[in-house]
Amino acid sequence: MKVKMCLTTVCLVLGLTAFSGIASENNVQLKKGASDKVLSIIDKLVMAYGGAALLQANSIKVVDYNKGPWPGESELPDVPELWRINEELTIDYKNQRKSLLSYRVPRTTLDLEKWVQQGDSTIMYDILHEKYSEESWANFDRLGASLERSSDTLQARRLARLSSELEFNGEEYYRGRLQQKLILQHASGERYTYFVDSTSGLIYKILRQHPRAGDMLYIFSNHNIAAKLPYARDMNFFVNGQLRLSSVHRYLELNPELSAAFSGFDHFTPWGATIDASELTAKKLSAGVFQAGKGRALTVFIEQADHYIAMGAAEALTENFYEIKKLSMQDKPLKYFVVTHHHNANVRGLDNALELGATLVVAMQHKDTILKYAAGAQPDQLLLVPERVEFTLGDLKLFDIATAHSQHYLLAYLPSVGMVLAEDHYVTELKTAKPRIYHDMVRFAQAIDALKLDVKTLVDIRGWRQFSWIEFRQWTRDFKPKTCPAGFDICANG
């Protein structure tokens, strides 16, 4: 039976018998507990997406190029940043391994990576820098998971194996077509609702409801067929009602050539040893300067005569503040919390600073944005730093500078020790090796040069690595913009 026939009512009549045969051939069991209604919908779904060709595929390659807005991440608070993400995922079901080629264009840099997962090993190759690292977290289930979630074809294959866990949830119209809803509830609280067209059996919508992230909606349209497998050529992805991604190019390949997909790069060298930031830690960086936290939720505290000034992760502020007071043995209040810029991670948890009695120190241009996120803040709880002037806060000097990251960024400088305190402009997990250099770093170094400060050390608030000004300046002067290498179609168009 050809796939085109399976999009007609003939398959709806013959489907259950046909799928039952396919299931047994492919060791897919229709487990007890699945209702007849669920089984009927799943049968129709599987037949619509290729039947045996889908279930018995040894390998599949899915291609997804998309573009979309990332609110709160551009250089200006009210204008979303637009990212381009091109990805090609090869899944070798027979040998339980994956290969992911990923090209991303965020803000002012380029990322071209190849991830090869086989058995217990996952290697990430940074192609533009000819480096590699081992990424043990990216196992078979996790690597490329977001791309699998956004593929209606791979979701159909997944549902064929989960019939006993699905629940029929009624019918609903979508664009005038009747949809049958299937619910998949995870123990974690995450819930999926699949909208299966009652006539064609194709998936037109998936609603993913996450306990923390909220509602994520995948919209599929313009279905086509590649190598017997239907797939949606268009996909739009929404987070809490806001468009996040829109497809530019999508494709699917059945049983692709695997040798190139799973080959590495013999001449690449390792990035080097990384810092373990998994445990809550507190350190003294210099006289009266402390840093505490774990992961990237780190905060820096500057001790003053009768109070502290803080900057960094507000979401972990309370526990980080407790740790540094134990270390310094000085139980002083937190008087100021410096919000260096307006991006999502930097405005998250600002109510914690207010609850500790701190005044929020912000760039004048970011006042309205900060008041949106600090729900309990009153205008008199904000201390505004004037545009492009030197601002003194105790021992600390703040400068409103323009970087590629933010048009108004509060650079913190401690003249007594020649220390620059910043976040998100040069963070790295590498213990000693030269980090990956990108345009944000270059513009940041130029801005410091223009201020003519006597800088000796640079501390990134979100990481434990410190740089000397001499090495940082040399690295950024040597920077050369990256371009797409020959032979990589994924980035050929820039």
# chains A, B, ... in the order shown; residues from 1 in each chain; ligands from 1
>>> residues_around(residues="Leu207 (chain A)", least_positions_apart="4", cutoff="6 Å", atoms="only C-alpha atoms", output="MDAnalysis selection string")
chainID A and resid 192:193 216:217
>>> write_last_selection(atoms="all heavy atoms", output="mmCIF file, in the first residue's frame")
data_model
loop_
_atom_site.group_PDB
_atom_site.id
_atom_site.type_symbol
_atom_site.label_atom_id
_atom_site.label_comp_id
_atom_site.auth_asym_id
_atom_site.auth_seq_id
_atom_site.Cartn_x
_atom_site.Cartn_y
_atom_site.Cartn_z
ATOM 1 N N TYR A 192 1.683 16.507 27.321
ATOM 2 C CA TYR A 192 1.605 16.729 25.885
ATOM 3 C C TYR A 192 0.178 16.470 25.404
ATOM 4 O O TYR A 192 -0.435 15.474 25.796
ATOM 5 C CB TYR A 192 2.547 15.790 25.131
ATOM 6 C CG TYR A 192 4.017 16.149 25.203
ATOM 7 C CD1 TYR A 192 4.771 15.839 26.332
ATOM 8 C CD2 TYR A 192 4.648 16.781 24.140
ATOM 9 C CE1 TYR A 192 6.125 16.161 26.396
ATOM 10 C CE2 TYR A 192 5.994 17.098 24.190
ATOM 11 C CZ TYR A 192 6.724 16.790 25.326
ATOM 12 O OH TYR A 192 8.048 17.109 25.377
ATOM 13 N N THR A 193 -0.317 17.350 24.547
ATOM 14 C CA THR A 193 -1.587 17.127 23.869
ATOM 15 C C THR A 193 -1.329 17.123 22.368
ATOM 16 O O THR A 193 -0.833 18.114 21.810
ATOM 17 C CB THR A 193 -2.613 18.223 24.203
ATOM 18 O OG1 THR A 193 -2.787 18.302 25.621
ATOM 19 C CG2 THR A 193 -3.952 17.915 23.547
ATOM 20 N N MET A 216 4.040 25.485 25.563
ATOM 21 C CA MET A 216 4.799 25.522 24.307
ATOM 22 C C MET A 216 3.959 24.858 23.231
ATOM 23 O O MET A 216 3.516 23.723 23.405
ATOM 24 C CB MET A 216 6.140 24.820 24.483
ATOM 25 C CG MET A 216 7.101 25.601 25.368
ATOM 26 S SD MET A 216 8.507 24.621 25.932
ATOM 27 C CE MET A 216 7.783 23.829 27.373
ATOM 28 N N LEU A 217 3.747 25.570 22.148
ATOM 29 C CA LEU A 217 2.848 25.105 21.098
ATOM 30 C C LEU A 217 3.601 24.957 19.775
ATOM 31 O O LEU A 217 4.253 25.898 19.317
ATOM 32 C CB LEU A 217 1.692 26.089 20.935
ATOM 33 C CG LEU A 217 0.629 25.731 19.899
ATOM 34 C CD1 LEU A 217 -0.110 24.452 20.308
ATOM 35 C CD2 LEU A 217 -0.350 26.885 19.730
#
>>> residues_around(residues="region 319-330 of chain A", least_positions_apart="2", cutoff="6 Å", atoms="only C-alpha atoms", output="PDB file with N, CA, C and O atoms, in the first residue's frame")
ATOM      1  N   ALA A 282      32.004  29.638  48.065  1.00  0.00           N
ATOM      2  CA  ALA A 282      32.237  31.051  48.368  1.00  0.00           C
ATOM      3  C   ALA A 282      33.736  31.304  48.381  1.00  0.00           C
ATOM      4  O   ALA A 282      34.499  30.515  48.958  1.00  0.00           O
ATOM      5  N   ALA A 292      30.202  34.129  45.325  1.00  0.00           N
ATOM      6  CA  ALA A 292      29.570  32.907  45.829  1.00  0.00           C
ATOM      7  C   ALA A 292      28.519  32.423  44.841  1.00  0.00           C
ATOM      8  O   ALA A 292      27.942  33.198  44.080  1.00  0.00           O
ATOM      9  N   GLY A 293      28.259  31.097  44.891  1.00  0.00           N
ATOM     10  CA  GLY A 293      27.206  30.509  44.074  1.00  0.00           C
ATOM     11  C   GLY A 293      27.615  29.176  43.497  1.00  0.00           C
ATOM     12  O   GLY A 293      28.666  28.622  43.826  1.00  0.00           O
ATOM     13  N   ALA A 316      19.695  33.683  43.004  1.00  0.00           N
ATOM     14  CA  ALA A 316      20.357  32.929  44.067  1.00  0.00           C
ATOM     15  C   ALA A 316      20.967  33.872  45.108  1.00  0.00           C
ATOM     16  O   ALA A 316      21.859  33.484  45.854  1.00  0.00           O
ATOM     17  N   LEU A 317      20.472  35.087  45.156  1.00  0.00           N
ATOM     18  CA  LEU A 317      21.091  36.121  45.983  1.00  0.00           C
ATOM     19  C   LEU A 317      21.075  35.784  47.464  1.00  0.00           C
ATOM     20  O   LEU A 317      22.082  35.944  48.162  1.00  0.00           O
ATOM     21  N   LYS A 332      26.858  42.452  57.655  1.00  0.00           N
ATOM     22  CA  LYS A 332      26.393  43.779  57.271  1.00  0.00           C
ATOM     23  C   LYS A 332      25.224  43.647  56.307  1.00  0.00           C
ATOM     24  O   LYS A 332      25.104  42.635  55.612  1.00  0.00           O
TER      25      LYS A 332
END
>>> residues_around(residues="Pro77 (chain A)", least_positions_apart="5", cutoff="9 Å", atoms="only C-alpha atoms", output="PyMOL selection string")
chain A and resi 71-72+342-343+365-366+369+406
>>> write_last_selection(atoms="all heavy atoms", output="short mmCIF file (atom, residue, chain, number, x, y, z; two decimals), in the first residue's frame")
data_model
loop_
_atom_site.label_atom_id
_atom_site.label_comp_id
_atom_site.auth_asym_id
_atom_site.auth_seq_id
_atom_site.Cartn_x
_atom_site.Cartn_y
_atom_site.Cartn_z
N PRO A 71 12.85 37.36 23.00
CA PRO A 71 12.55 38.58 23.76
C PRO A 71 13.53 38.79 24.91
O PRO A 71 13.95 37.84 25.58
CB PRO A 71 11.14 38.32 24.29
CG PRO A 71 10.58 37.26 23.39
CD PRO A 71 11.74 36.41 22.99
N GLY A 72 13.88 40.05 25.12
CA GLY A 72 14.73 40.39 26.25
C GLY A 72 16.19 40.07 26.08
O GLY A 72 16.95 40.12 27.04
N HIS A 342 19.92 44.53 30.98
CA HIS A 342 18.50 44.21 30.98
C HIS A 342 18.14 42.81 30.52
O HIS A 342 16.96 42.49 30.42
CB HIS A 342 17.79 45.19 30.04
CG HIS A 342 18.24 45.05 28.61
ND1 HIS A 342 19.42 45.59 28.16
CD2 HIS A 342 17.69 44.43 27.54
CE1 HIS A 342 19.58 45.29 26.88
NE2 HIS A 342 18.54 44.59 26.48
N HIS A 343 19.09 41.95 30.21
CA HIS A 343 18.76 40.63 29.66
C HIS A 343 18.06 39.74 30.69
O HIS A 343 18.13 39.99 31.90
CB HIS A 343 20.02 39.95 29.13
CG HIS A 343 20.52 40.56 27.86
ND1 HIS A 343 21.76 40.30 27.34
CD2 HIS A 343 19.94 41.44 27.00
CE1 HIS A 343 21.93 40.98 26.21
NE2 HIS A 343 20.83 41.69 26.00
N GLN A 365 18.34 54.26 31.13
CA GLN A 365 17.53 53.78 30.01
C GLN A 365 16.82 52.47 30.30
O GLN A 365 15.95 52.05 29.54
CB GLN A 365 18.40 53.62 28.76
CG GLN A 365 18.79 54.91 28.08
CD GLN A 365 19.85 55.68 28.87
OE1 GLN A 365 20.45 55.15 29.81
NE2 GLN A 365 20.08 56.92 28.49
N HIS A 366 17.20 51.79 31.39
CA HIS A 366 16.60 50.50 31.72
C HIS A 366 15.58 50.58 32.85
O HIS A 366 15.08 49.56 33.31
CB HIS A 366 17.70 49.50 32.10
CG HIS A 366 18.62 49.17 30.98
ND1 HIS A 366 19.84 48.56 31.17
CD2 HIS A 366 18.49 49.36 29.64
CE1 HIS A 366 20.43 48.39 30.00
NE2 HIS A 366 19.64 48.87 29.06
N THR A 369 12.14 48.85 32.19
CA THR A 369 12.30 47.39 32.09
C THR A 369 12.46 46.78 33.47
O THR A 369 11.84 45.75 33.80
CB THR A 369 13.51 47.04 31.21
OG1 THR A 369 13.30 47.58 29.91
CG2 THR A 369 13.69 45.53 31.13
N SER A 406 24.86 44.97 24.92
CA SER A 406 23.84 45.89 25.42
C SER A 406 24.26 47.32 25.13
O SER A 406 25.41 47.71 25.37
CB SER A 406 23.65 45.69 26.93
OG SER A 406 22.74 46.63 27.46
#
>>> select_by_dssp(residues="region 165-409 of chain A", states="strand (DSSP E)", output="VMD selection string")
chain A and resid 166 to 174 177 to 185 191 to 197 203 to 210 214 to 226 229 to 239 242 to 254 269 to 270 281 to 286 289 to 294 297 to 303 308 to 312 334 to 338 359 to 363 382 to 385 390 to 393 396 to 401 409
>>> closest_atom_pairs(of="region 300-349 of chain A", to="region 410-429 of chain A", cutoff="9 Å", atoms="only C-alpha atoms", output="JSON lines")
{"residue": "A:Val300", "atom": "CA", "partner": "A:Leu421", "partner_atom": "CA", "distance": 8.3}
{"residue": "A:Met311", "atom": "CA", "partner": "A:Leu421", "partner_atom": "CA", "distance": 8.9}
{"residue": "A:Gly312", "atom": "CA", "partner": "A:Glu423", "partner_atom": "CA", "distance": 7.1}
{"residue": "A:Val338", "atom": "CA", "partner": "A:Leu410", "partner_atom": "CA", "distance": 8.1}
{"residue": "A:Val339", "atom": "CA", "partner": "A:Leu410", "partner_atom": "CA", "distance": 7.6}
{"residue": "A:Thr340", "atom": "CA", "partner": "A:Leu410", "partner_atom": "CA", "distance": 4.7}
{"residue": "A:His341", "atom": "CA", "partner": "A:Leu410", "partner_atom": "CA", "distance": 6.6}
>>> write_last_selection(atoms="N, CA, C and O atoms", output="CSV table (one decimal), in the first residue's frame")
chain,number,residue,atom,x,y,z
A,300,VAL,N,28.7,38.5,43.0
A,300,VAL,CA,29.9,39.1,43.6
A,300,VAL,C,29.4,40.2,44.6
A,300,VAL,O,28.4,40.9,44.4
A,311,MET,N,26.2,42.3,42.8
A,311,MET,CA,25.9,42.2,41.4
A,311,MET,C,26.0,40.8,40.9
A,311,MET,O,26.7,40.0,41.5
A,312,GLY,N,25.2,40.5,39.9
A,312,GLY,CA,25.2,39.1,39.4
A,312,GLY,C,23.9,38.4,39.4
A,312,GLY,O,22.8,39.0,39.1
A,338,VAL,N,23.5,46.0,41.9
A,338,VAL,CA,23.8,46.6,40.6
A,338,VAL,C,23.2,45.7,39.5
A,338,VAL,O,23.7,44.5,39.4
A,339,VAL,N,22.3,46.2,38.8
A,339,VAL,CA,21.7,45.4,37.6
A,339,VAL,C,22.5,45.9,36.4
A,339,VAL,O,22.3,47.0,35.9
A,340,THR,N,23.5,45.1,36.0
A,340,THR,CA,24.4,45.5,34.9
A,340,THR,C,23.8,45.8,33.6
A,340,THR,O,24.2,46.7,32.9
A,341,HIS,N,22.7,45.0,33.2
A,341,HIS,CA,22.0,45.3,32.0
A,341,HIS,C,20.7,44.5,32.1
A,341,HIS,O,20.3,44.0,33.1
